[in-house]
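Heads up, structure_25.txt below (compact mmCIF, C-alpha atoms):
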# COMPACT_ATOMS: atom_id res chain seq x y z
CA MET A 11 4.06 88.32 -19.79
CA THR A 12 6.89 88.38 -22.20
CA THR A 13 6.38 89.84 -25.59
CA LEU A 14 8.05 87.83 -28.29
CA PRO A 15 8.86 90.16 -31.12
CA PRO A 16 9.51 88.16 -34.25
CA THR A 17 13.11 89.16 -34.59
CA THR A 18 14.13 88.94 -30.94
CA GLN A 19 16.99 86.66 -30.35
CA VAL A 20 17.45 84.77 -27.16
CA SER A 21 20.92 83.66 -26.34
CA HIS A 22 21.44 80.48 -24.48
CA PRO A 23 23.56 80.97 -21.39
CA GLY A 24 25.17 77.58 -21.89
CA GLY A 25 26.97 77.84 -25.16
CA GLY A 26 26.08 81.10 -26.83
CA PHE A 27 23.33 79.32 -28.73
CA ILE A 28 21.16 81.82 -30.59
CA VAL A 29 17.69 81.09 -31.87
CA GLU A 30 15.27 83.12 -33.86
CA LEU A 31 11.94 83.08 -32.09
CA GLU A 32 10.37 83.71 -35.45
CA GLN A 33 10.18 80.02 -36.15
CA PHE A 34 7.41 79.64 -33.58
CA SER A 35 4.90 82.36 -32.97
CA GLY A 36 4.21 81.03 -29.49
CA PRO A 37 3.98 77.95 -27.27
CA LEU A 38 0.78 76.78 -28.97
CA ASP A 39 2.53 76.93 -32.32
CA LEU A 40 5.39 74.87 -30.93
CA LEU A 41 2.96 72.33 -29.46
CA LEU A 42 1.14 72.00 -32.78
CA HIS A 43 4.47 71.52 -34.47
CA LEU A 44 5.35 68.65 -32.12
CA ILE A 45 1.93 67.06 -32.56
CA ARG A 46 2.13 67.31 -36.32
CA GLU A 47 5.65 65.95 -36.42
CA ASP A 48 4.69 62.81 -34.54
CA GLN A 49 1.25 62.61 -36.15
CA LEU A 50 -0.41 62.49 -32.76
CA ASP A 51 -4.14 62.52 -32.21
CA ILE A 52 -4.84 65.98 -30.90
CA THR A 53 -7.98 64.88 -29.07
CA ASP A 54 -6.22 62.06 -27.23
CA LEU A 55 -2.88 63.64 -26.49
CA PRO A 56 -0.20 61.45 -24.90
CA ILE A 57 0.40 64.23 -22.45
CA ALA A 58 3.46 62.77 -20.70
CA ARG A 59 5.29 62.38 -23.99
CA ILE A 60 4.28 65.81 -25.27
CA ALA A 61 5.28 67.47 -22.01
CA ASP A 62 8.72 65.87 -22.10
CA GLN A 63 9.25 66.83 -25.72
CA PHE A 64 8.10 70.37 -25.10
CA LEU A 65 10.54 70.77 -22.22
CA ALA A 66 13.35 69.28 -24.25
CA VAL A 67 12.73 71.61 -27.18
CA ILE A 68 12.47 74.82 -25.18
CA ASN A 69 15.65 73.86 -23.36
CA GLU A 70 17.41 73.19 -26.60
CA LEU A 71 16.21 76.37 -28.26
CA GLY A 72 16.85 78.53 -25.25
CA LEU A 73 13.18 79.42 -25.05
CA ASN A 74 13.06 78.38 -21.42
CA GLN A 75 13.58 82.00 -20.46
CA ALA A 76 10.46 83.19 -22.22
CA ALA A 77 7.52 83.45 -19.84
CA ASP A 78 4.91 82.30 -22.33
CA TYR A 79 6.77 79.08 -22.98
CA LEU A 80 7.47 78.52 -19.30
CA GLU A 81 3.82 78.99 -18.48
CA MET A 82 2.88 76.37 -21.06
CA ALA A 83 5.53 74.00 -19.71
CA ALA A 84 4.06 74.35 -16.22
CA ARG A 85 0.57 73.76 -17.58
CA LEU A 86 1.67 70.59 -19.35
CA LEU A 87 3.33 69.26 -16.21
CA ARG A 88 0.22 69.95 -14.15
CA ILE A 89 -1.96 68.09 -16.63
CA LYS A 90 0.54 65.25 -16.66
CA ALA A 91 0.27 65.03 -12.87
CA GLN A 92 -3.52 65.19 -12.95
CA MET A 93 -3.62 62.34 -15.44
CA LEU A 94 -1.78 60.18 -12.92
CA LEU A 95 -4.35 60.69 -10.19
CA PRO A 96 -6.52 57.62 -9.65
CA ARG A 97 -10.17 57.95 -10.53
CA ARG A 98 -13.09 55.87 -9.48
CA LEU A 99 -14.67 53.50 -11.94
CA GLY A 100 -17.83 54.82 -13.48
CA ASP A 101 -17.13 58.33 -12.29
CA ASP A 102 -19.22 60.47 -14.61
CA GLU A 103 -17.99 63.62 -12.96
CA TRP A 104 -14.44 63.06 -14.13
CA GLU A 105 -13.31 65.69 -16.54
CA ASP A 106 -10.37 65.04 -18.76
CA PRO A 107 -7.65 67.43 -17.53
CA ARG A 108 -6.49 67.73 -21.13
CA SER A 109 -9.78 69.05 -22.44
CA GLU A 110 -9.01 72.76 -21.95
CA LEU A 111 -5.64 72.40 -23.66
CA VAL A 112 -7.14 70.40 -26.50
CA ARG A 113 -9.81 73.04 -26.98
CA ARG A 114 -7.17 75.74 -27.16
CA LEU A 115 -5.02 73.75 -29.56
CA LEU A 116 -7.94 73.17 -31.91
CA GLU A 117 -8.91 76.80 -31.72
CA TYR A 118 -5.37 77.85 -32.42
CA ARG A 119 -5.03 75.43 -35.30
CA GLN A 120 -8.13 76.96 -36.79
CA ILE A 121 -6.51 80.38 -36.52
CA ARG A 122 -3.40 79.06 -38.25
CA GLU A 123 -5.51 77.87 -41.12
CA LEU A 124 -7.12 81.29 -41.35
CA VAL A 125 -3.65 82.81 -41.33
CA ASP A 126 -2.79 80.77 -44.40
CA TRP A 127 -5.97 81.96 -46.08
CA LEU A 128 -5.30 85.61 -45.20
CA ALA A 129 -1.69 85.34 -46.38
CA ARG A 130 -2.85 83.96 -49.74
CA ALA A 131 -5.45 86.73 -50.10
CA ALA A 132 -2.91 89.43 -49.23
CA ALA A 133 -0.36 87.96 -51.64
CA GLY A 134 -2.95 88.03 -54.42
CA ARG A 135 -3.91 91.60 -53.71
CA ALA A 136 -0.24 92.60 -53.58
CA GLU A 137 0.03 91.72 -57.27
CA ARG A 138 -2.23 94.64 -58.15
CA PHE A 139 -1.32 98.28 -57.85
CA GLY A 140 -3.85 101.03 -57.36
CA ARG A 141 -3.54 104.65 -58.32
CA GLY A 142 -1.41 106.76 -56.02
CA TYR A 143 -0.32 103.72 -54.16
CA ASP A 144 2.19 104.45 -51.46
CA ALA A 145 4.42 101.57 -50.58
CA PRO A 146 4.71 101.38 -46.82
CA GLY A 147 8.10 102.38 -45.54
CA PRO A 148 10.68 99.72 -44.81
CA ASP A 149 9.90 99.82 -41.12
CA LEU A 150 7.45 101.43 -38.82
CA PRO A 151 8.93 104.07 -36.57
CA PRO A 152 9.91 102.64 -33.19
CA ALA A 153 7.62 103.14 -30.24
CA PRO A 154 8.06 106.44 -28.39
CA LEU A 155 10.97 106.36 -25.98
CA ALA A 156 10.29 106.20 -22.30
CA ILE A 157 13.47 107.65 -20.88
CA GLY A 158 14.48 109.85 -17.98
CA LEU A 159 16.36 113.09 -18.38
CA ASN A 160 19.46 111.70 -16.69
CA ASP A 161 19.56 108.67 -18.96
CA LEU A 162 19.13 110.90 -21.98
CA LEU A 163 21.96 113.20 -20.89
CA ALA A 164 24.21 110.23 -20.11
CA ALA A 165 23.49 108.78 -23.53
CA ALA A 166 24.20 112.11 -25.18
CA GLU A 167 27.52 112.31 -23.34
CA ARG A 168 28.47 108.85 -24.53
CA VAL A 169 27.67 109.83 -28.10
CA ILE A 170 29.52 113.12 -27.85
CA ALA A 171 32.59 111.31 -26.52
CA LEU A 172 32.61 109.25 -29.70
CA ILE A 173 32.66 112.25 -32.01
CA PRO A 174 36.18 112.56 -33.45
CA GLU A 175 38.04 115.79 -32.94
CA PRO A 176 37.19 117.89 -35.99
CA THR A 177 40.14 118.76 -38.18
CA LEU A 178 39.64 122.48 -38.16
CA HIS A 179 42.22 125.10 -38.88
CA ARG A 180 42.55 127.22 -35.83
CA VAL A 181 41.99 130.86 -36.63
CA VAL A 182 44.24 132.91 -34.38
CA PRO A 183 43.10 136.46 -33.87
CA ARG A 184 46.04 138.60 -34.92
CA PRO A 185 44.64 142.00 -35.63
CA LEU A 186 46.42 144.04 -38.22
CA ASP A 187 48.27 146.96 -36.75
CA VAL A 188 47.37 149.51 -39.39
CA GLU A 189 47.64 152.43 -36.98
CA GLY A 190 51.15 151.43 -35.95
CA ALA A 191 52.24 151.07 -39.56
CA THR A 192 50.65 154.41 -40.46
CA ALA A 193 52.57 156.09 -37.64
CA ARG A 194 55.78 154.47 -38.77
CA ILE A 195 55.29 155.59 -42.38
CA GLU A 196 54.33 159.08 -41.32
CA ALA A 197 57.53 159.25 -39.29
CA LEU A 198 59.49 158.15 -42.36
CA LEU A 199 57.67 160.74 -44.49
CA ALA A 200 58.60 163.43 -42.03
CA ALA A 201 62.26 162.40 -42.16
CA ARG A 202 62.78 161.61 -45.84
CA ALA A 203 61.23 162.70 -49.13
CA GLU A 204 61.67 159.26 -50.68
CA PHE A 205 62.18 155.77 -49.32
CA GLY A 206 61.65 152.11 -50.22
CA TRP A 207 59.36 149.28 -49.11
CA ARG A 208 62.17 147.75 -47.07
CA ASP A 209 62.43 150.93 -45.04
CA VAL A 210 58.77 150.54 -44.04
CA VAL A 211 58.66 146.84 -43.08
CA GLY A 212 62.27 146.07 -42.20
CA GLU A 213 64.37 143.11 -43.28
CA HIS A 214 62.25 140.13 -42.12
CA PRO A 215 58.62 141.15 -41.83
CA ASP A 216 55.93 138.60 -41.03
CA VAL A 217 52.68 138.39 -42.92
CA VAL A 218 50.79 140.59 -40.50
CA GLU A 219 53.41 143.29 -40.67
CA VAL A 220 53.41 143.22 -44.48
CA LEU A 221 49.62 143.47 -44.61
CA SER A 222 49.47 146.22 -42.02
CA ALA A 223 52.12 148.25 -43.79
CA PHE A 224 50.55 147.73 -47.20
CA ILE A 225 47.08 148.81 -46.07
CA ALA A 226 48.61 151.83 -44.32
CA LEU A 227 50.47 152.74 -47.49
CA LEU A 228 47.36 152.52 -49.63
CA GLU A 229 45.40 154.54 -47.12
CA LEU A 230 48.02 157.26 -47.00
CA ALA A 231 48.24 157.25 -50.79
CA LYS A 232 44.50 157.69 -50.95
CA ARG A 233 44.72 160.59 -48.58
CA GLY A 234 47.37 162.06 -50.85
CA ALA A 235 50.12 161.95 -48.27
CA LEU A 236 52.41 159.97 -50.55
CA LYS A 237 52.82 158.50 -53.99
CA ILE A 238 53.82 154.94 -54.75
CA ALA A 239 55.82 154.18 -57.85
CA GLN A 240 57.14 151.02 -59.34
CA PRO A 241 59.43 151.64 -62.34
CA GLU A 242 59.07 148.17 -63.73
CA PRO A 243 57.30 144.92 -62.76
CA PHE A 244 58.62 143.31 -59.57
CA ALA A 245 60.98 146.20 -58.99
CA PRO A 246 61.13 147.61 -55.46
CA MET A 247 58.46 150.17 -54.72
CA ALA A 248 59.51 153.75 -54.37
CA ILE A 249 57.50 155.78 -51.89
CA ARG A 250 57.60 159.60 -52.27
CA ARG A 251 56.30 162.28 -49.99
CA GLU A 252 53.55 164.43 -51.47
CA PRO A 253 53.05 168.00 -50.56
CA PRO A 254 50.79 167.62 -47.53
CA ARG A 255 47.35 168.93 -48.28
CA GLU A 256 45.26 167.80 -45.37
CA ALA A 257 48.05 167.03 -42.93
CA ALA A 258 47.35 170.31 -41.24
CA MET B 21 -19.61 105.41 -73.50
CA SER B 22 -22.17 107.76 -72.02
CA PRO B 23 -20.91 111.07 -70.61
CA LEU B 24 -21.66 109.88 -67.07
CA ALA B 25 -19.69 106.66 -67.57
CA LYS B 26 -16.75 108.75 -68.72
CA LEU B 27 -17.11 111.01 -65.69
CA LEU B 28 -17.07 107.94 -63.44
CA GLU B 29 -13.99 106.66 -65.24
CA ALA B 30 -12.23 109.97 -64.62
CA ALA B 31 -13.21 110.02 -60.95
CA LEU B 32 -12.07 106.44 -60.38
CA PHE B 33 -8.83 107.26 -62.16
CA ALA B 34 -8.23 110.29 -59.96
CA ALA B 35 -9.03 108.56 -56.67
CA SER B 36 -6.33 106.73 -54.77
CA ARG B 37 -8.84 104.58 -52.88
CA PRO B 38 -11.94 102.57 -53.71
CA LEU B 39 -15.01 104.73 -54.29
CA THR B 40 -18.42 103.45 -53.25
CA LEU B 41 -21.49 103.72 -55.43
CA ASP B 42 -22.83 106.34 -52.99
CA GLU B 43 -19.73 108.41 -53.55
CA LEU B 44 -19.85 107.97 -57.31
CA ALA B 45 -23.48 109.09 -57.29
CA THR B 46 -22.47 112.49 -55.90
CA LEU B 47 -20.61 113.25 -59.15
CA ASP B 48 -23.88 114.00 -60.91
CA PRO B 49 -26.72 114.59 -58.46
CA GLU B 50 -29.25 114.75 -61.25
CA ALA B 51 -28.51 111.23 -62.42
CA GLY B 52 -28.94 109.90 -58.89
CA GLU B 53 -27.80 106.55 -57.62
CA ALA B 54 -29.71 104.64 -60.29
CA GLY B 55 -28.01 106.64 -63.04
CA ALA B 56 -24.61 106.19 -61.44
CA GLY B 57 -25.25 102.49 -61.08
CA ALA B 58 -26.14 102.18 -64.75
CA ALA B 59 -23.09 104.17 -65.78
CA LEU B 60 -20.93 101.98 -63.54
CA GLN B 61 -22.27 98.85 -65.23
CA GLU B 62 -21.46 100.40 -68.58
CA LEU B 63 -17.93 101.16 -67.46
CA ARG B 64 -17.51 97.66 -66.03
CA ALA B 65 -18.56 96.17 -69.34
CA VAL B 66 -16.03 98.31 -71.19
CA TYR B 67 -13.19 97.21 -68.94
CA ALA B 68 -14.30 93.59 -68.78
CA ALA B 69 -14.46 93.34 -72.56
CA GLY B 70 -11.69 95.67 -73.66
CA ASP B 71 -7.96 95.16 -73.76
CA HIS B 72 -6.68 97.13 -70.82
CA GLY B 73 -3.74 96.91 -68.47
CA VAL B 74 -6.02 97.71 -65.55
CA ASP B 75 -9.16 96.12 -64.16
CA LEU B 76 -12.10 97.84 -62.54
CA VAL B 77 -12.19 95.89 -59.28
CA GLN B 78 -14.82 95.75 -56.57
CA ILE B 79 -12.95 96.00 -53.31
CA ALA B 80 -13.64 97.05 -49.71
CA GLY B 81 -17.20 97.97 -50.59
CA GLY B 82 -16.17 100.25 -53.45
CA TRP B 83 -14.68 100.32 -56.90
CA GLN B 84 -11.09 100.93 -57.90
CA PHE B 85 -8.84 100.67 -60.91
CA LEU B 86 -6.08 98.16 -60.20
CA THR B 87 -3.31 96.98 -62.47
CA LYS B 88 -3.58 93.43 -63.73
CA PRO B 89 -1.57 90.92 -61.70
CA GLU B 90 0.55 89.84 -64.64
CA TYR B 91 2.19 93.27 -64.79
CA ALA B 92 3.21 93.45 -61.13
CA GLU B 93 6.60 91.90 -61.75
CA ALA B 94 7.63 94.32 -64.50
CA ILE B 95 6.26 97.36 -62.67
CA GLU B 96 8.16 96.47 -59.55
CA ARG B 97 11.34 95.70 -61.46
CA ALA B 98 11.20 99.15 -63.01
CA GLN B 99 10.58 100.53 -59.50
CA PHE B 100 7.45 102.44 -60.46
CA ALA B 101 5.69 100.85 -57.51
CA LEU B 102 6.62 98.31 -54.88
CA ARG B 103 4.60 95.37 -53.70
CA PRO B 104 3.74 95.78 -50.01
CA ARG B 105 5.74 93.84 -47.52
CA ARG B 106 4.21 90.66 -46.22
CA LEU B 107 2.61 90.71 -42.81
CA SER B 108 4.36 88.66 -40.13
CA PRO B 109 2.75 85.43 -38.89
CA ALA B 110 2.09 87.13 -35.56
CA ALA B 111 0.32 90.02 -37.31
CA LEU B 112 -1.75 87.64 -39.44
CA GLU B 113 -2.73 85.54 -36.41
CA THR B 114 -3.85 88.64 -34.60
CA LEU B 115 -5.74 89.92 -37.64
CA ALA B 116 -7.46 86.56 -38.09
CA ILE B 117 -8.64 86.51 -34.48
CA ILE B 118 -9.86 90.09 -34.61
CA ALA B 119 -11.57 89.58 -37.96
CA TYR B 120 -13.59 86.66 -36.62
CA ARG B 121 -14.27 87.85 -33.09
CA GLN B 122 -14.70 91.55 -33.60
CA PRO B 123 -15.15 93.57 -31.57
CA VAL B 124 -12.64 91.84 -29.37
CA GLY B 125 -10.30 92.85 -26.56
CA ARG B 126 -6.60 92.24 -26.24
CA ILE B 127 -6.96 89.64 -23.47
CA GLU B 128 -8.98 87.36 -25.71
CA VAL B 129 -6.42 87.69 -28.50
CA ASP B 130 -3.66 86.86 -26.00
CA GLU B 131 -5.53 83.80 -24.79
CA ILE B 132 -6.11 82.38 -28.24
CA ARG B 133 -2.57 83.02 -29.41
CA GLY B 134 -0.99 81.95 -26.14
CA VAL B 135 1.34 84.95 -26.19
CA ASP B 136 1.17 88.61 -25.35
CA SER B 137 -0.18 90.49 -28.36
CA GLY B 138 -0.02 94.10 -27.17
CA ALA B 139 2.86 95.13 -29.42
CA VAL B 140 1.37 93.42 -32.47
CA ILE B 141 -2.00 95.08 -31.88
CA ASP B 142 -0.36 98.49 -31.57
CA LYS B 143 1.43 97.97 -34.88
CA LEU B 144 -1.78 96.92 -36.62
CA VAL B 145 -3.55 100.01 -35.28
CA GLU B 146 -0.65 102.12 -36.52
CA ARG B 147 -0.97 100.58 -39.99
CA GLY B 148 -4.68 101.31 -39.96
CA LEU B 149 -5.69 97.65 -40.31
CA ILE B 150 -7.61 97.57 -37.03
CA GLU B 151 -9.10 100.24 -34.83
CA VAL B 152 -10.66 100.67 -31.43
CA THR B 153 -14.40 100.64 -31.90
CA SER B 154 -15.73 100.42 -28.36
CA ARG B 155 -15.00 99.48 -24.81
CA GLY B 156 -15.94 96.16 -23.30
CA GLU B 157 -17.81 95.49 -20.11
CA GLY B 158 -15.97 94.28 -17.08
CA LEU B 159 -12.78 95.14 -15.30
CA GLY B 160 -11.03 98.21 -16.66
CA ARG B 161 -13.49 98.45 -19.54
CA PRO B 162 -10.98 97.03 -22.05
CA LEU B 163 -10.58 98.53 -25.51
CA LEU B 164 -12.28 96.47 -28.20
CA TYR B 165 -10.77 96.22 -31.66
CA ALA B 166 -12.30 95.65 -35.08
CA THR B 167 -10.94 95.51 -38.60
CA THR B 168 -11.00 98.58 -40.88
CA PRO B 169 -11.74 99.05 -44.60
CA GLN B 170 -7.97 99.17 -45.01
CA PHE B 171 -7.88 95.56 -43.81
CA LEU B 172 -10.30 94.59 -46.60
CA GLU B 173 -8.24 96.56 -49.09
CA ILE B 174 -4.95 94.81 -48.39
CA LEU B 175 -6.72 91.46 -48.74
CA GLY B 176 -8.67 92.47 -51.82
CA LEU B 177 -11.96 91.65 -50.10
CA GLN B 178 -15.33 93.29 -50.47
CA SER B 179 -16.39 92.67 -46.91
CA THR B 180 -15.61 90.40 -43.99
CA ASP B 181 -18.40 88.13 -45.29
CA GLU B 182 -15.90 86.90 -47.88
CA LEU B 183 -13.66 85.43 -45.20
CA PRO B 184 -13.99 81.65 -45.08
CA ARG B 185 -16.73 80.43 -42.78
CA LEU B 186 -15.30 78.66 -39.77
CA ASP B 187 -17.18 75.44 -40.50
CA GLU B 188 -15.64 75.39 -43.95
CA LEU B 189 -12.17 75.06 -42.52
CA SER B 190 -10.64 71.62 -42.41
CA VAL B 191 -9.94 72.09 -38.73
CA ALA B 192 -13.29 73.39 -37.68
CA LEU B 193 -14.01 72.52 -34.10
CA ARG B 194 -14.91 68.91 -34.67
CA PRO B 195 -12.92 65.69 -34.47
CA PRO B 196 -9.94 66.52 -36.64
CA ALA B 197 -8.46 64.68 -39.52
CA PRO B 198 -5.29 63.01 -38.19
CA ALA B 199 -2.50 64.25 -40.41
CA GLU B 200 -2.88 67.90 -41.18
CA PRO B 201 -1.58 68.82 -44.63
CA GLU B 202 1.36 71.14 -44.43
Representation of the structure as structure tokens:
Amino acid sequence: MTTLPPTTQVSHPGGGFIVELEQFSGPLDLLLHLIREDQLDITDLPIARIADQFLAVINELGLNQAADYLEMAARLLRIKAQMLLPRRLGDDEWEDPRSELVRRLLEYRQIRELVDWLARAAAGRAERFGRGYDAPGPDLPPAPLAIGLNDLLAAAERVIALIPEPTLHRVVPRPLDVEGATARIEALLAARAEFGWRDVVGEHPDVVEVLSAFIALLELAKRGALKIAQPEPFAPMAIRREPPREAA
Amino acid sequence: MSPLAKLLEAALFAASRPLTLDELATLDPEAGEAGAGAALQELRAVYAAGDHGVDLVQIAGGWQFLTKPEYAEAIERAQFALRPRRLSPAALETLAIIAYRQPVGRIEVDEIRGVDSGAVIDKLVERGLIEVTSRGEGLGRPLLYATTPQFLEILGLQSTDELPRLDELSVALRPPAPAEPE
């Protein structure tokens, strides 16, 4: 049997016709609607007419794909056929083929009336708040998924493919060459008592070279291997050899 | 008010659900159910006579403070509380059938509604409005459903006895009136 969730939409293959199933909560509801519209006597249903109308409506609304409606359509046609069968005069055994349907329609109509009553009661109660009242969430969580691992992985891949390439700055590992710079400065110290920053890094140093040389300078200064002087702000640094104390 | 009536008032204020007289009687075992009953009547009289924004309401077999209906609009507008969402026609149909036929199995609900009701029943169970109370005889021993106190609460009913009797309905199972009012 087909479940008819209230918000399901059925599209009509013919012309893209879309209908909300919400307008009828089932084939019995639709039948009652037709009966009410034409003010028919529910206990003496003109079954041929109702069957034709029912078929026309479910065709029009695209409900003819829903099993519950199809089943009702078939039932109506069978009753219609049974009504055409000849019966003997004075046959007390004859049972009206409509009787089961009529019973169901009456029963269902009774339920619809109760629905109205319940809706009114609920609406009245909804006007009163109790202490610690928790409004129900906007929607109930969906039913648990029944899904295979492969489907899940395929779905994940589809989602991952949609993720835009993140705009990250690529961090290139360019290790500082402090040892190299230290060796270079030590070589300079051995050769000259005083020299400038340019002598250490050359004419066109890149950032890594500058940083390496600077850290090496500071380290050597800390060790007491040299002294750094700057006569005035932004002036070139002067680097002087110190008497080696721990070089030995 | 007597001290016990004030104690009952405090307990009803603190509770987020209706409290039955049995439950209220446990507040002061010495007073017993008779004492609690008397105190409850006293409290009812105070709230029935006084000017209050809340009523002491008998609901789902118990007692509960509920705001007066005329304030619902303002309270909701200020977003202090929200009115619950309406139940769908399918949910109400299913509830109506279960309320009148309980305990009842899914097949019977399906037959009366003329559509499959499994999903609706599951949702109602999830919302705590119906529950499985037993298993039926017959093939597969089907689950049988019945309404819960929560069902009475959302309708503001004391018990299922307050539901309309079937023979009171205009479309009780007898020759119907021709044109059914909309």
### Message
From the options B:Pro109, B:Pro23, B:Pro184, B:Gly134, which residue's atoms come nearest to A:Asp78, counting all atoms listed in the file?
### Response
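Nearest to A:Asp78: B:Gly134.
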Chain B residues near chain A within 6 Å, closest pair each, using only C-alpha atoms, as a tab-separated table:
residue	atom	partner	partner_atom	distance
B:Ser36	CA	A:Arg141	CA	5.0
B:Leu86	CA	A:Gly140	CA	4.6
B:Thr87	CA	A:Arg138	CA	5.0
B:Lys88	CA	A:Arg138	CA	5.9
B:Pro89	CA	A:Glu137	CA	4.8
B:Ala92	CA	A:Glu137	CA	5.3
B:Leu102	CA	A:Ala145	CA	5.8
B:Arg103	CA	A:Ala136	CA	5.6
B:Pro104	CA	A:Ala145	CA	5.9
B:Leu112	CA	A:Val125	CA	5.5
B:Glu113	CA	A:Val125	CA	5.7
B:Val135	CA	A:Gly36	CA	5.9
B:Asp136	CA	A:Thr13	CA	5.4
B:Ile174	CA	A:Ala132	CA	5.8
B:Leu175	CA	A:Ala132	CA	4.3
B:Gly176	CA	A:Arg135	CA	5.2
B:Val191	CA	A:Gln120	CA	5.5
B:Ala199	CA	A:Gln49	CA	5.9
### Task
Show which residues sit within 8 Å of B:Thr167, as number ranges by chain. Count all atoms listed in the file, and ignore same-chain residues fewer than 3 positions away.
B: 115, 118-119, 122, 149-151, 170-171
### Message
If I take atom CA of A:Val169 and atom CA of A:Val181, how far is one from the other in Å, to one decimal?
### Response
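According to the coordinates, atom CA of A:Val169 and atom CA of A:Val181 are separated by 26.8 Å.
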### Query
Any idea what's packed within 9 Å of B:Gln84, counting only C-alpha atoms, ignoring anything in its chain fewer than 6 positions away? Could you give it as a PyMOL selection string?
(chain A and resi 140-141) or (chain B and resi 32-33+35-39+75-78)
### Task
For atom CA of A:Ala223 and atom CA of A:Thr192, quote the distance in Å rounded to one decimal.
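Answer for the atom CA of A:Ala223 to atom CA of A:Thr192 separation: 7.2 Å.
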### Query
Which distance in Å separates atom CA of A:Arg97 and atom CA of A:Ala84, to one decimal?
22.4 Å
Taking only C-alpha atoms into account, produce a table as CSV in which each residue of stretch 55-127 of chain B with an atom at most 12 Å from an atom of stretch 157-162 of chain B appears once, together with its shortest atom pair and the distance in Å to one decimal, ordered by chain and rising number.
residue,atom,partner,partner_atom,distance
B:Pro123,CA,B:Pro162,CA,11.0
B:Val124,CA,B:Pro162,CA,9.1
B:Gly125,CA,B:Pro162,CA,6.2
B:Arg126,CA,B:Pro162,CA,7.7
B:Ile127,CA,B:Pro162,CA,8.5
